[in-house]
>>> print(open('coords17.cif').read())   # mmCIF, C-alpha atoms
data_structure
loop_
_atom_site.label_atom_id
_atom_site.label_comp_id
_atom_site.auth_asym_id
_atom_site.auth_seq_id
_atom_site.Cartn_x
_atom_site.Cartn_y
_atom_site.Cartn_z
CA SER Z 3 -8.85 13.06 -4.06
CA GLY Z 4 -7.74 16.55 -3.17
CA SER Z 5 -5.61 15.47 -0.20
CA GLY Z 6 -2.32 16.72 -1.66
CA LYS Z 7 -0.79 13.57 -3.20
CA SER Z 8 -0.01 15.09 -6.58
CA LEU Z 9 1.21 18.28 -4.97
CA PHE Z 10 3.54 16.20 -2.77
CA LEU Z 11 5.10 14.60 -5.87
CA ARG Z 12 5.36 17.94 -7.66
CA MET Z 13 7.14 19.42 -4.66
CA ALA Z 14 9.54 16.46 -4.50
CA ALA Z 15 10.22 17.02 -8.21
CA ASP Z 16 10.89 20.72 -7.45
CA LEU Z 17 8.06 21.83 -9.71
CA ASP Z 18 6.02 23.61 -7.03
CA PRO Z 19 7.26 25.91 -4.26
CA ASN Z 20 8.07 24.15 -1.00
CA THR Z 21 10.20 24.45 2.09
CA GLY Z 22 10.99 20.82 2.78
CA GLU Z 23 14.21 18.94 2.29
CA VAL Z 24 14.69 16.20 -0.28
CA TRP Z 25 17.86 14.13 -0.48
CA LEU Z 26 19.26 11.74 -3.07
CA ASP Z 27 22.43 9.73 -2.48
CA GLN Z 28 23.34 11.92 0.49
CA ARG Z 29 23.02 15.12 -1.54
CA GLU Z 30 20.34 17.68 -0.78
CA ARG Z 31 18.13 18.75 -3.67
CA ALA Z 32 19.48 22.29 -3.27
CA ALA Z 33 22.93 21.00 -4.34
CA PHE Z 34 21.52 20.26 -7.80
CA THR Z 35 20.42 22.72 -10.43
CA PRO Z 36 16.70 22.23 -11.21
CA PRO Z 37 17.43 20.50 -14.56
CA GLN Z 38 20.00 18.21 -12.88
CA TRP Z 39 17.51 17.33 -10.14
CA ARG Z 40 14.71 16.63 -12.60
CA SER Z 41 16.99 14.32 -14.59
CA GLN Z 42 17.64 12.37 -11.37
CA ALA Z 43 14.06 12.39 -10.05
CA ALA Z 44 11.86 12.06 -13.13
CA TYR Z 45 8.28 13.14 -12.60
CA VAL Z 46 5.53 11.58 -14.71
CA ALA Z 47 2.26 13.45 -14.34
CA ALA Z 48 -1.11 11.73 -14.47
CA GLU Z 49 -1.74 13.78 -17.61
CA ALA Z 50 1.68 14.45 -19.08
CA GLY Z 51 2.40 17.44 -21.27
CA TRP Z 52 2.83 17.12 -25.02
CA TRP Z 53 4.28 20.29 -26.54
CA ALA Z 54 4.91 19.27 -30.16
CA PRO Z 55 2.42 17.82 -32.67
CA ALA Z 56 4.34 14.58 -33.41
CA VAL Z 57 5.05 11.93 -30.79
CA CYS Z 58 8.62 11.42 -32.04
CA GLU Z 59 9.45 15.07 -31.29
CA HIS Z 60 9.13 14.25 -27.57
CA PHE Z 61 11.89 11.65 -27.64
CA PRO Z 62 15.63 12.08 -28.24
CA ALA Z 63 16.41 11.08 -31.85
CA ASP Z 64 19.38 8.99 -30.74
CA ARG Z 65 17.19 6.91 -28.39
CA MET Z 66 14.29 6.11 -30.71
CA ASP Z 67 15.23 2.42 -30.91
CA MET Z 68 15.04 2.18 -27.13
CA ALA Z 69 11.79 4.18 -27.14
CA ARG Z 70 10.27 1.70 -29.59
CA GLU Z 71 11.42 -1.20 -27.40
CA LEU Z 72 9.90 0.42 -24.31
CA ALA Z 73 6.69 1.08 -26.21
CA GLY Z 74 6.47 -2.63 -27.00
CA GLN Z 75 7.09 -3.57 -23.36
CA LEU Z 76 4.23 -1.25 -22.44
CA GLY Z 77 1.90 -2.89 -24.95
CA LEU Z 78 2.09 -0.17 -27.56
CA ALA Z 79 2.79 -0.49 -31.26
CA ALA Z 80 6.19 0.97 -32.12
CA GLU Z 81 4.49 2.88 -34.96
CA LEU Z 82 2.79 5.12 -32.39
CA LEU Z 83 6.09 6.96 -32.06
CA ASP Z 84 5.55 8.18 -35.63
CA ALA Z 85 1.95 9.27 -34.98
CA ALA Z 86 0.44 12.64 -34.21
CA VAL Z 87 -0.09 13.29 -30.50
CA ALA Z 88 -3.71 14.25 -31.28
CA ARG Z 89 -4.32 10.66 -32.44
CA LEU Z 90 -3.30 9.10 -29.11
CA SER Z 91 -5.73 7.88 -26.48
CA THR Z 92 -5.29 8.98 -22.88
CA GLY Z 93 -3.84 5.57 -21.97
CA GLU Z 94 -1.37 5.67 -24.87
CA LYS Z 95 -0.21 9.12 -23.81
CA GLN Z 96 0.16 7.90 -20.24
CA ARG Z 97 2.34 4.94 -21.23
CA LEU Z 98 4.41 6.97 -23.69
CA ALA Z 99 5.05 9.58 -20.99
CA LEU Z 100 6.38 6.80 -18.78
CA ALA Z 101 8.60 5.58 -21.63
CA ARG Z 102 9.85 9.14 -22.14
CA ALA Z 103 10.87 9.37 -18.50
CA LEU Z 104 12.49 5.94 -18.49
CA LEU Z 105 14.73 6.82 -21.44
CA GLY Z 106 16.70 9.12 -19.15
CA ASP Z 107 17.53 6.21 -16.80
CA PRO Z 108 16.71 8.24 -13.69
CA PRO Z 109 17.55 6.72 -10.30
CA VAL Z 110 14.16 7.94 -9.00
CA LEU Z 111 10.74 7.84 -10.62
CA LEU Z 112 7.96 10.04 -9.26
CA LEU Z 113 4.78 8.57 -10.75
CA ASP Z 114 1.38 10.22 -10.42
CA GLU Z 115 -1.38 7.68 -11.14
CA PRO Z 116 0.67 5.83 -13.79
CA THR Z 117 -2.13 3.34 -14.44
CA GLY Z 118 -5.19 5.53 -13.87
CA ALA Z 119 -6.42 5.47 -17.48
CA LEU Z 120 -5.46 1.88 -18.31
CA ASP Z 121 -7.25 -1.42 -18.73
CA GLN Z 122 -6.08 -4.42 -16.69
CA ALA Z 123 -3.81 -5.83 -19.42
CA SER Z 124 -2.06 -2.47 -19.77
CA VAL Z 125 -1.80 -2.11 -16.00
CA GLY Z 126 -0.02 -5.46 -15.93
CA ARG Z 127 2.49 -4.35 -18.57
CA VAL Z 128 3.20 -1.06 -16.80
CA GLU Z 129 3.58 -2.92 -13.53
CA GLN Z 130 6.12 -5.31 -15.13
CA VAL Z 131 8.18 -2.40 -16.46
CA ILE Z 132 8.11 -0.60 -13.10
CA ARG Z 133 8.95 -3.81 -11.24
CA ALA Z 134 11.94 -4.43 -13.55
CA ARG Z 135 13.24 -0.91 -12.92
CA MET Z 136 12.84 -1.39 -9.19
CA ALA Z 137 14.82 -4.64 -9.44
CA ASP Z 138 17.58 -2.61 -11.12
CA GLY Z 139 17.68 -0.27 -8.10
CA VAL Z 140 15.40 2.55 -9.25
CA ALA Z 141 13.46 4.10 -6.38
CA VAL Z 142 9.79 4.62 -7.19
CA VAL Z 143 7.50 7.02 -5.39
CA MET Z 144 4.03 6.47 -6.75
CA VAL Z 145 0.70 8.11 -6.08
CA THR Z 146 -2.25 5.84 -6.76
CA HIS Z 147 -5.85 5.28 -5.77
CA ASP Z 148 -5.38 1.60 -6.64
CA GLU Z 149 -4.78 -0.08 -3.27
CA ALA Z 150 -4.09 -3.44 -4.95
CA LEU Z 151 -1.38 -1.91 -7.12
CA ALA Z 152 0.13 -0.22 -4.07
CA ARG Z 153 0.21 -3.56 -2.24
CA ARG Z 154 1.77 -5.36 -5.20
CA LEU Z 155 4.52 -2.80 -5.81
CA GLY Z 156 4.95 -0.97 -2.54
CA GLU Z 157 7.60 -1.90 -0.03
CA GLN Z 158 6.43 1.04 2.04
CA ARG Z 159 2.94 2.47 1.80
CA TYR Z 160 1.54 5.73 3.09
CA HIS Z 161 -1.81 7.46 3.06
CA MET Z 162 -2.30 11.15 2.43
CA ASN Z 163 -5.17 12.76 4.28
CA GLU Z 164 -5.72 16.51 4.44
CA ARG Z 165 -2.13 17.11 3.27
CA LYS Z 166 -0.67 14.91 5.99
CA LEU Z 167 1.30 11.78 5.21
CA SER Z 168 0.98 8.78 7.53
CA ALA Z 169 2.06 5.14 7.41
CA ALA Z 170 -0.54 2.83 5.88
#
>>> encode(input="coords17.cif", output="structure tokens")
Amino acid sequence: SGSGKSLFLRMAADLDPNTGEVWLDQRERAAFTPPQWRSQAAYVAAEAGWWAPAVCEHFPADRMDMARELAGQLGLAAELLDAAVARLSTGEKQRLALARALLGDPPVLLLDEPTGALDQASVGRVEQVIRARMADGVAVVMVTHDEALARRLGEQRYHMNERKLSAA
């Protein structure tokens, strides 16, 4: 905690000031407009933002069928998409934020503690969805305190200590 992991992801997502270089498909981040970059490298915060009172307002109307399907894959009732955000648990919000990011089909997912508020059954469902996306070629950069999850999903693992990244 406090070593800079979340900040690292936010900088990669171009949400916080930074001076580093980030590349995607041989194009530097600077070659993209910020909205273009964020559609390519989707950031899912540990506590995602919800700016409208209804869950459905956070999803494109033309992709609601896919959102409901993703909700089911993540162990959520499709009816939650019709609920008020205030009714959601932390874990439901976390999984719906992941679904929201996945709807854009980004080639890169930047995930900050995507299973931090979940029980083991929900962790398993999230892991299956992430694993399926990875099998489809999506690159995943994930911050987690869960070493077992990192071992199960990570092809490359790193530790962050005092804002310095090193191989695990």
>>> resolve_selection(input="coords17.cif", expression="the PyMOL selection byres ((chain Z and resi 70) around 10)", output="MDAnalysis selection string")
chainID Z and resid 65:69 71:76 78:83 98 101
>>> closest_residue(input="coords17.cif", among="Z:Val87, Z:Ala134, Z:Ala170, Z:Val143", to="Leu112 (chain Z)", atoms="only C-alpha atoms")
Z:Val143
>>> resolve_selection(input="coords17.cif", expression="the PyMOL selection byres ((chain Z and resi 108) around 7)", output="number ranges by chain")
Z: 41-44, 104, 106-107, 109-111
>>> atom_distance(input="coords17.cif", atom1="CA of Asn163 (chain Z)", atom2="CA of Ser3 (chain Z)")
9.1 Å
>>> residues_around(input="coords17.cif", residues="region 48-64 of chain Z", least_positions_apart="3", cutoff="6 Å", atoms="all atoms listed in the file", output="MDAnalysis selection string")
chainID Z and resid 83:87 114:115
>>> write_last_selection(input="coords17.cif", atoms="C-alpha atoms", output="JSON list (two decimals), in the coordinates of the input")
[["chain", "number", "residue", "atom", "x", "y", "z"],
["Z", 83, "LEU", "CA", 6.09, 6.96, -32.06],
["Z", 84, "ASP", "CA", 5.55, 8.18, -35.63],
["Z", 85, "ALA", "CA", 1.95, 9.27, -34.98],
["Z", 86, "ALA", "CA", 0.44, 12.64, -34.21],
["Z", 87, "VAL", "CA", -0.09, 13.29, -30.50],
["Z", 114, "ASP", "CA", 1.38, 10.22, -10.42],
["Z", 115, "GLU", "CA", -1.38, 7.68, -11.14]]
>>> atom_distance(input="coords17.cif", atom1="CA of Gly6 (chain Z)", atom2="CA of Leu120 (chain Z)")
22.5 Å
>>> atom_distance(input="coords17.cif", atom1="CA of Trp39 (chain Z)", atom2="CA of Lys7 (chain Z)")
19.9 Å
>>> resolve_selection(input="coords17.cif", expression="the PyMOL selection byres ((chain Z and resi 18-27) around 12)", output="PyMOL selection string")
chain Z and resi 8-17+28-34+36+38-40+42-43+108-110+140-141
>>> write_last_selection(input="coords17.cif", atoms="C-alpha atoms", output="CSV table (one decimal), keeping the file's coordinate frame")
chain,number,residue,atom,x,y,z
Z,8,SER,CA,0.0,15.1,-6.6
Z,9,LEU,CA,1.2,18.3,-5.0
Z,10,PHE,CA,3.5,16.2,-2.8
Z,11,LEU,CA,5.1,14.6,-5.9
Z,12,ARG,CA,5.4,17.9,-7.7
Z,13,MET,CA,7.1,19.4,-4.7
Z,14,ALA,CA,9.5,16.5,-4.5
Z,15,ALA,CA,10.2,17.0,-8.2
Z,16,ASP,CA,10.9,20.7,-7.4
Z,17,LEU,CA,8.1,21.8,-9.7
Z,28,GLN,CA,23.3,11.9,0.5
Z,29,ARG,CA,23.0,15.1,-1.5
Z,30,GLU,CA,20.3,17.7,-0.8
Z,31,ARG,CA,18.1,18.8,-3.7
Z,32,ALA,CA,19.5,22.3,-3.3
Z,33,ALA,CA,22.9,21.0,-4.3
Z,34,PHE,CA,21.5,20.3,-7.8
Z,36,PRO,CA,16.7,22.2,-11.2
Z,38,GLN,CA,20.0,18.2,-12.9
Z,39,TRP,CA,17.5,17.3,-10.1
Z,40,ARG,CA,14.7,16.6,-12.6
Z,42,GLN,CA,17.6,12.4,-11.4
Z,43,ALA,CA,14.1,12.4,-10.0
Z,108,PRO,CA,16.7,8.2,-13.7
Z,109,PRO,CA,17.6,6.7,-10.3
Z,110,VAL,CA,14.2,7.9,-9.0
Z,140,VAL,CA,15.4,2.6,-9.2
Z,141,ALA,CA,13.5,4.1,-6.4
>>> build_atoms(input="coords17.cif", residues="region 58-75 of chain Z", atoms="N, CA, C and O atoms", output="compact mmCIF listing (two decimals), keeping the file's coordinate frame")
# COMPACT_ATOMS: atom_id res chain seq x y z
N CYS Z 58 7.17 11.59 -31.96
CA CYS Z 58 8.62 11.42 -32.04
C CYS Z 58 9.39 12.66 -31.61
O CYS Z 58 10.53 12.56 -31.16
N GLU Z 59 8.78 13.83 -31.70
CA GLU Z 59 9.45 15.07 -31.29
C GLU Z 59 9.66 15.15 -29.78
O GLU Z 59 10.40 16.01 -29.31
N HIS Z 60 9.03 14.26 -29.03
CA HIS Z 60 9.13 14.25 -27.57
C HIS Z 60 10.19 13.28 -27.07
O HIS Z 60 10.35 13.13 -25.86
N PHE Z 61 10.88 12.64 -28.00
CA PHE Z 61 11.89 11.65 -27.64
C PHE Z 61 13.21 12.02 -28.30
O PHE Z 61 13.21 12.50 -29.45
N PRO Z 62 14.33 11.80 -27.62
CA PRO Z 62 15.63 12.08 -28.24
C PRO Z 62 15.82 11.20 -29.49
O PRO Z 62 15.58 9.99 -29.44
N ALA Z 63 16.25 11.80 -30.59
CA ALA Z 63 16.41 11.08 -31.85
C ALA Z 63 17.36 9.89 -31.70
O ALA Z 63 17.14 8.84 -32.30
N ASP Z 64 18.39 10.06 -30.89
CA ASP Z 64 19.38 8.99 -30.74
C ASP Z 64 18.91 7.85 -29.84
O ASP Z 64 19.62 6.86 -29.67
N ARG Z 65 17.71 7.97 -29.27
CA ARG Z 65 17.19 6.91 -28.39
C ARG Z 65 15.87 6.34 -28.90
O ARG Z 65 15.15 5.68 -28.17
N MET Z 66 15.57 6.57 -30.16
CA MET Z 66 14.29 6.11 -30.71
C MET Z 66 14.18 4.59 -30.71
O MET Z 66 13.10 4.05 -30.50
N ASP Z 67 15.29 3.89 -30.95
CA ASP Z 67 15.23 2.42 -30.91
C ASP Z 67 14.82 1.95 -29.52
O ASP Z 67 13.98 1.06 -29.39
N MET Z 68 15.40 2.55 -28.50
CA MET Z 68 15.04 2.18 -27.13
C MET Z 68 13.60 2.59 -26.83
O MET Z 68 12.89 1.87 -26.15
N ALA Z 69 13.17 3.73 -27.35
CA ALA Z 69 11.79 4.18 -27.14
C ALA Z 69 10.82 3.19 -27.76
O ALA Z 69 9.79 2.85 -27.16
N ARG Z 70 11.13 2.69 -28.93
CA ARG Z 70 10.27 1.70 -29.59
C ARG Z 70 10.24 0.40 -28.78
O ARG Z 70 9.19 -0.22 -28.64
N GLU Z 71 11.37 0.01 -28.23
CA GLU Z 71 11.42 -1.20 -27.40
C GLU Z 71 10.58 -1.01 -26.14
O GLU Z 71 9.80 -1.90 -25.77
N LEU Z 72 10.71 0.13 -25.49
CA LEU Z 72 9.90 0.42 -24.31
C LEU Z 72 8.42 0.46 -24.65
O LEU Z 72 7.60 -0.04 -23.89
N ALA Z 73 8.09 1.04 -25.78
CA ALA Z 73 6.69 1.08 -26.21
C ALA Z 73 6.14 -0.34 -26.29
O ALA Z 73 5.05 -0.63 -25.80
N GLY Z 74 6.90 -1.24 -26.90
CA GLY Z 74 6.47 -2.63 -27.00
C GLY Z 74 6.28 -3.28 -25.65
O GLY Z 74 5.30 -4.00 -25.42
N GLN Z 75 7.20 -3.02 -24.72
CA GLN Z 75 7.09 -3.57 -23.36
C GLN Z 75 5.83 -3.07 -22.67
O GLN Z 75 5.25 -3.75 -21.83
